[in-house]
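Enquirer: Provided below: query_9.tsv, containing TSV, C-alpha atoms and all ligand atoms.
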chain	number	residue	atom	x	y	z
A	1	MET	CA	150.86	162.18	-9.70
A	2	ALA	CA	149.26	163.19	-13.00
A	3	SER	CA	148.79	166.80	-14.02
A	4	GLN	CA	145.56	168.69	-13.46
A	5	GLU	CA	144.72	168.47	-17.18
A	6	ILE	CA	145.13	164.70	-17.25
A	7	GLU	CA	143.09	164.35	-14.06
A	8	THR	CA	140.32	166.48	-15.58
A	9	LEU	CA	140.25	164.33	-18.72
A	10	ALA	CA	140.27	161.10	-16.70
A	11	SER	CA	137.38	162.24	-14.50
A	12	ALA	CA	135.39	163.41	-17.54
A	13	LEU	CA	135.85	159.98	-19.14
A	14	ALA	CA	135.02	158.22	-15.87
A	15	ARG	CA	131.53	159.71	-16.02
A	16	LEU	CA	130.81	157.86	-19.28
A	17	PRO	CA	128.51	154.85	-18.93
A	18	GLY	CA	130.47	151.65	-18.61
A	19	LEU	CA	133.72	153.40	-17.70
A	20	GLY	CA	134.87	153.62	-14.10
A	21	PRO	CA	137.87	155.65	-12.84
A	22	ARG	CA	140.23	152.73	-13.53
A	23	SER	CA	139.25	152.22	-17.17
A	24	ALA	CA	139.15	155.99	-17.66
A	25	ARG	CA	142.80	156.24	-16.60
A	26	ARG	CA	143.70	153.36	-18.90
A	27	ALA	CA	141.90	155.14	-21.77
A	28	VAL	CA	143.80	158.37	-21.05
A	29	LEU	CA	147.14	156.55	-21.10
A	30	TRP	CA	146.18	154.78	-24.31
A	31	LEU	CA	145.30	158.12	-25.91
A	32	VAL	CA	148.44	159.85	-24.67
A	33	LYS	CA	150.57	157.12	-26.23
A	34	ARG	CA	148.72	157.57	-29.53
A	35	ARG	CA	148.68	161.32	-29.44
A	36	ASP	CA	149.26	161.73	-33.15
A	37	SER	CA	147.17	158.90	-34.53
A	38	SER	CA	144.13	158.52	-32.27
A	39	LEU	CA	143.89	161.53	-29.99
A	40	GLY	CA	143.53	164.06	-32.79
A	41	ALA	CA	140.89	161.97	-34.54
A	42	LEU	CA	138.93	161.65	-31.29
A	43	VAL	CA	139.08	165.39	-30.61
A	44	ASP	CA	137.86	166.12	-34.16
A	45	ALA	CA	135.04	163.58	-33.93
A	46	LEU	CA	133.89	164.99	-30.56
A	47	ALA	CA	133.98	168.57	-31.86
A	48	ALA	CA	132.05	167.63	-35.01
A	49	VAL	CA	129.33	165.93	-32.96
A	50	ARG	CA	129.21	168.81	-30.45
A	51	ASP	CA	128.69	171.30	-33.26
A	52	THR	CA	126.10	169.37	-35.25
A	53	LEU	CA	124.14	167.18	-32.83
A	54	VAL	CA	120.38	167.74	-32.93
A	55	GLU	CA	117.23	165.98	-31.82
A	56	CYS	CA	115.01	165.02	-34.75
A	57	SER	CA	111.83	167.10	-34.58
A	58	VAL	CA	109.84	164.26	-36.14
A	59	CYS	CA	110.88	161.14	-34.22
A	60	GLY	CA	113.17	162.27	-31.37
A	61	ASN	CA	116.22	160.41	-32.69
A	62	VAL	CA	119.61	162.03	-32.13
A	63	ASP	CA	121.48	162.78	-35.33
A	64	THR	CA	123.54	165.48	-37.00
A	65	ARG	CA	120.58	166.68	-39.06
A	66	ASP	CA	116.89	167.36	-38.60
A	67	PRO	CA	114.89	165.46	-39.82
A	68	CYS	CA	117.22	162.58	-38.98
A	69	GLY	CA	118.65	160.17	-41.52
A	70	ILE	CA	115.92	157.61	-40.85
A	71	CYS	CA	113.04	160.12	-41.18
A	72	ALA	CA	114.58	161.56	-44.34
A	73	ASP	CA	115.17	158.15	-45.96
A	74	PRO	CA	112.62	157.74	-48.79
A	75	ARG	CA	113.19	153.95	-48.89
A	76	ARG	CA	111.66	153.59	-45.43
A	77	ASP	CA	108.04	152.62	-45.04
A	78	THR	CA	106.13	155.57	-43.60
A	79	ARG	CA	103.07	153.41	-42.90
A	80	SER	CA	104.76	151.66	-40.00
A	81	ILE	CA	105.98	153.42	-36.84
A	82	CYS	CA	107.96	151.60	-34.17
A	83	VAL	CA	107.69	153.29	-30.75
A	84	VAL	CA	110.65	152.95	-28.37
A	85	GLU	CA	111.48	154.28	-24.93
A	86	ASP	CA	114.91	155.74	-25.68
A	87	VAL	CA	117.27	156.58	-28.53
A	88	SER	CA	119.48	153.65	-27.48
A	89	ASP	CA	116.55	151.29	-28.18
A	90	LEU	CA	116.07	152.85	-31.62
A	91	TRP	CA	119.73	152.36	-32.42
A	92	ALA	CA	119.69	148.76	-31.14
A	93	LEU	CA	116.64	147.89	-33.25
A	94	ASP	CA	118.00	149.67	-36.28
A	95	ARG	CA	121.34	147.87	-36.02
A	96	ALA	CA	119.39	144.62	-36.40
A	97	LYS	CA	118.15	145.94	-39.80
A	98	LEU	CA	114.89	144.01	-39.51
A	99	PHE	CA	112.46	146.90	-39.25
A	100	THR	CA	112.07	149.01	-42.39
A	101	GLY	CA	109.56	151.56	-41.10
A	102	LYS	CA	110.03	154.76	-39.12
A	103	TYR	CA	110.56	155.23	-35.39
A	104	HIS	CA	109.22	157.34	-32.56
A	105	VAL	CA	111.20	157.96	-29.36
A	106	LEU	CA	109.14	158.56	-26.22
A	107	GLY	CA	112.06	159.77	-24.14
A	108	GLY	CA	111.41	157.44	-21.24
A	109	LYS	CA	108.68	155.31	-19.74
A	110	LEU	CA	105.76	155.94	-17.43
A	111	SER	CA	106.81	155.51	-13.84
A	112	ALA	CA	104.83	156.26	-10.71
A	113	LEU	CA	108.00	155.74	-8.70
A	114	ASP	CA	110.05	158.32	-10.63
A	115	GLY	CA	107.07	160.62	-11.16
A	116	VAL	CA	107.07	160.27	-14.97
A	117	ARG	CA	103.60	161.13	-16.29
A	118	PRO	CA	102.22	160.80	-19.84
A	119	GLU	CA	102.77	164.52	-20.48
A	120	ASP	CA	106.47	164.06	-19.66
A	121	LEU	CA	106.87	161.72	-22.63
A	122	ASN	CA	106.60	162.54	-26.34
A	123	ILE	CA	103.16	160.93	-26.64
A	124	ALA	CA	101.49	164.01	-28.16
A	125	GLY	CA	104.02	163.85	-31.01
A	126	LEU	CA	103.16	160.22	-31.68
A	127	LEU	CA	99.40	160.88	-31.67
A	128	ALA	CA	99.91	163.81	-34.04
A	129	ARG	CA	101.83	161.60	-36.46
A	130	VAL	CA	99.09	158.96	-36.41
A	131	GLU	CA	96.36	161.62	-36.72
A	132	GLN	CA	98.02	162.97	-39.85
A	133	GLY	CA	97.10	159.68	-41.51
A	134	GLY	CA	99.07	157.36	-43.77
A	135	VAL	CA	100.00	155.10	-40.86
A	136	ASP	CA	98.83	151.46	-40.90
A	137	GLU	CA	100.71	150.00	-37.97
A	138	VAL	CA	102.20	151.14	-34.69
A	139	VAL	CA	104.67	148.69	-33.13
A	140	LEU	CA	105.01	149.14	-29.37
A	141	ALA	CA	108.62	148.13	-28.72
A	142	MET	CA	108.80	148.87	-25.02
A	143	ASN	CA	111.19	147.02	-22.72
A	144	ALA	CA	109.93	143.87	-21.06
A	145	THR	CA	109.83	145.58	-17.67
A	146	LEU	CA	106.79	146.36	-15.58
A	147	GLU	CA	107.07	150.08	-16.43
A	148	GLY	CA	107.71	149.35	-20.10
A	149	GLN	CA	104.61	147.20	-20.29
A	150	THR	CA	102.53	149.78	-18.38
A	151	THR	CA	103.64	152.35	-20.97
A	152	ALA	CA	102.73	150.03	-23.86
A	153	HIS	CA	99.32	149.42	-22.33
A	154	TYR	CA	98.71	153.14	-21.90
A	155	LEU	CA	99.75	153.86	-25.50
A	156	ALA	CA	97.52	151.08	-26.82
A	157	GLU	CA	94.59	152.74	-25.05
A	158	ARG	CA	95.44	156.19	-26.44
A	159	LEU	CA	95.74	154.76	-29.96
A	160	GLU	CA	92.43	152.97	-29.77
A	161	GLY	CA	89.97	154.31	-32.29
A	162	PHE	CA	92.54	155.05	-34.97
A	163	PRO	CA	92.22	152.79	-38.04
A	164	ILE	CA	95.61	151.17	-37.41
A	165	ARG	CA	97.05	147.88	-36.28
A	166	ILE	CA	98.73	148.05	-32.88
A	167	THR	CA	101.33	145.37	-32.36
A	168	GLN	CA	103.85	144.58	-29.69
A	169	LEU	CA	107.21	142.84	-29.64
A	170	ALA	CA	106.93	139.20	-28.67
A	171	HIS	CA	108.73	138.50	-25.44
A	172	GLY	CA	110.05	135.07	-24.90
A	173	LEU	CA	113.03	132.80	-25.04
A	174	PRO	CA	116.27	134.60	-25.85
A	175	VAL	CA	118.26	132.98	-28.66
A	176	GLY	CA	120.49	130.36	-27.09
A	177	GLY	CA	118.53	130.53	-23.83
A	178	GLU	CA	118.11	127.35	-21.85
A	179	LEU	CA	114.83	126.90	-20.04
A	180	ASP	CA	116.19	126.21	-16.59
A	181	TYR	CA	118.35	129.36	-16.65
A	182	LEU	CA	115.44	131.68	-17.40
A	183	ASP	CA	113.57	133.69	-14.81
A	184	GLU	CA	109.92	132.92	-14.26
A	185	GLY	CA	108.71	136.13	-15.95
A	186	THR	CA	110.48	135.28	-19.21
A	187	LEU	CA	109.23	131.71	-19.10
A	188	ALA	CA	105.66	132.84	-18.45
A	189	GLN	CA	105.86	135.33	-21.37
A	190	ALA	CA	107.24	132.64	-23.66
A	191	LEU	CA	104.46	130.29	-22.71
A	192	ARG	CA	101.77	132.94	-23.19
A	193	ALA	CA	103.18	133.93	-26.61
A	194	ARG	CA	103.26	130.29	-27.78
A	195	ARG	CA	102.27	129.69	-31.38
A	196	PRO	CA	101.27	126.73	-33.50
A	197	VAL	CA	104.15	124.56	-34.76
A	198	SER	CA	104.49	125.32	-38.45
B	201	ZN	ZN	113.73	161.27	-37.13
What does this structure look like when you write it as structure tokens?

Expert:
Amino acid sequence: MASQEIETLASALARLPGLGPRSARRAVLWLVKRRDSSLGALVDALAAVRDTLVECSVCGNVDTRDPCGICADPRRDTRSICVVEDVSDLWALDRAKLFTGKYHVLGGKLSALDGVRPEDLNIAGLLARVEQGGVDEVVLAMNATLEGQTTAHYLAERLEGFPIRITQLAHGLPVGGELDYLDEGTLAQALRARRPVS
């Protein structure tokens, strides 16, 4: 039987996404065995993030400064804004290092089922950024789900009338995907987004 402190730590870790009670216990044991090397570093890193974490007032990214590192980066192209549902999408896209513009985090997606309305998302912030001018393109990088696409459609309507290009991620065959393993929705998207052979 583990002590109350160890139990508390294990149950705190078990609430993390991707970690169940079993892996949480394994993580605790791992940390206890590396008390001097890894545990201290983890405690310091957690405390540093707890003390400095802020939401970027420009784009909604989570960082240790406001404006965030991306918004403050002068090498980034301010004429292009990529709109995503959540911070995790921003981080995923940015890890790919393909997009050199700025981002805008909505904080979710429209959902009749979950009662998420346009005013619940950071749409006003996006419109304000576009209204300010200096933006040529808005990339709607919503997830390829029904709600994601509903959100993209709604945003495209709200952005109509601004002198900007509105683009959307192409949905289609995943790299390495074999046709007969794909679901019909993905196949239909891939077929619709077909392009001339260059
Ligand atoms: Zn930012």

Enquirer: Which residue out of A:Leu187, A:Ile81, A:Ala12, A:Leu169 has the minimum interatomic distance to Asn143 in chain A when all atoms listed in the file are used?

Expert: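 Of all the options, A:Leu169 lies closest to Asn143 in chain A.
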
Enquirer: Residues within 8 Å of ligand ZN 201 (chain B) should be enumerated using all atoms listed in the file and returned as a ChimeraX atom specification.

Expert: /A:55-62,66-72,102-104

Enquirer: Between CA of Leu140 in chain A and CA of Val197 in chain A, what distance in Å does the model show, to one decimal?

Expert: 25.2 Å

Enquirer: Using all atoms listed in the file, list the residues that have an atom at most 10 Å from (112.6, 136.4, -24.6), coordinates as in the file, as a PyMOL selection string.

Expert: chain A and resi 144+169-175+177+182+185-190+193

Enquirer: Pick out the residues sitting within 12 Å of range 122-127 of chain A, and hand them over as an MDAnalysis selection string; count only C-alpha atoms, and ignore anything fewer than 6 positions along from it in its own chain.

Expert: chainID A and resid 56:61 81:86 102:110 116 133 135 138:140 151:152 154:162 164

Enquirer: So, counting all atoms listed in the file, which residue among A:Pro21, A:Pro74, A:Gly40, A:Pro118 is closest to Thr8 in chain A?

Expert: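 Of all the options, A:Pro21 lies closest to Thr8 in chain A.
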
Enquirer: Quick one: 6 Å padding each side, axis-aligned, all listed atoms of range 153-161 of chain A - centre and edge lengths in Å to one decimal, as AutoDock Vina command-line options?

Expert:
--center_x 94.9 --center_y 152.8 --center_z -27.1 --size_x 21.8 --size_y 18.8 --size_z 22.4

Enquirer: For the atom pair CA of Thr52 in chain A and CA of Thr64 in chain A, what is the interatomic distance in Å to one decimal place?

Expert: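 So the answer is 5.0 Å.
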
Enquirer: Let me make sure I understand: among A:Arg26, A:Val54, A:Arg79, A:Asp180, which one has the smallest atom-to-atom distance to Val130 in chain A if we use all atoms listed in the file?

Expert: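 Comparing A:Arg26, A:Val54, A:Arg79, A:Asp180 against Val130 in chain A, the winner is A:Arg79.
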
Enquirer: Can you work out which one of A:Asp136, A:Glu131, A:Asp63, A:Asp94 has the shortest atom-to-atom distance to Ala48 in chain A, counting only C-alpha atoms?

Expert: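 Nearest candidate to Ala48 in chain A out of A:Asp136, A:Glu131, A:Asp63, A:Asp94: A:Asp63.
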
Enquirer: Rounded to one decimal place, report the CA of Glu5 in chain A-CA of Ala41 in chain A distance in Å.

Expert: 18.9 Å

Enquirer: Using only C-alpha atoms, which residue out of A:Ser11, A:Ser23, A:Gln132, A:Thr150 lies closest to Ser111 in chain A?

Expert: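 Residue with the minimum atom-to-atom distance to Ser111 in chain A: A:Thr150.
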
Enquirer: Which neighbours of Ile6 in chain A fall inside 10 Å, counting all atoms listed in the file, when residues of the same chain fewer than 4 positions from it are skipped, and could you give them as a count of residues only?

Expert: 9

Enquirer: Smallest atom-to-atom distance to Leu113 in chain A: which of A:Arg75, A:Glu147, A:Leu16, A:Glu178, using only C-alpha atoms?

Expert: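 Looking only at the distances to Leu113 in chain A, the closest residue turns out to be A:Glu147.
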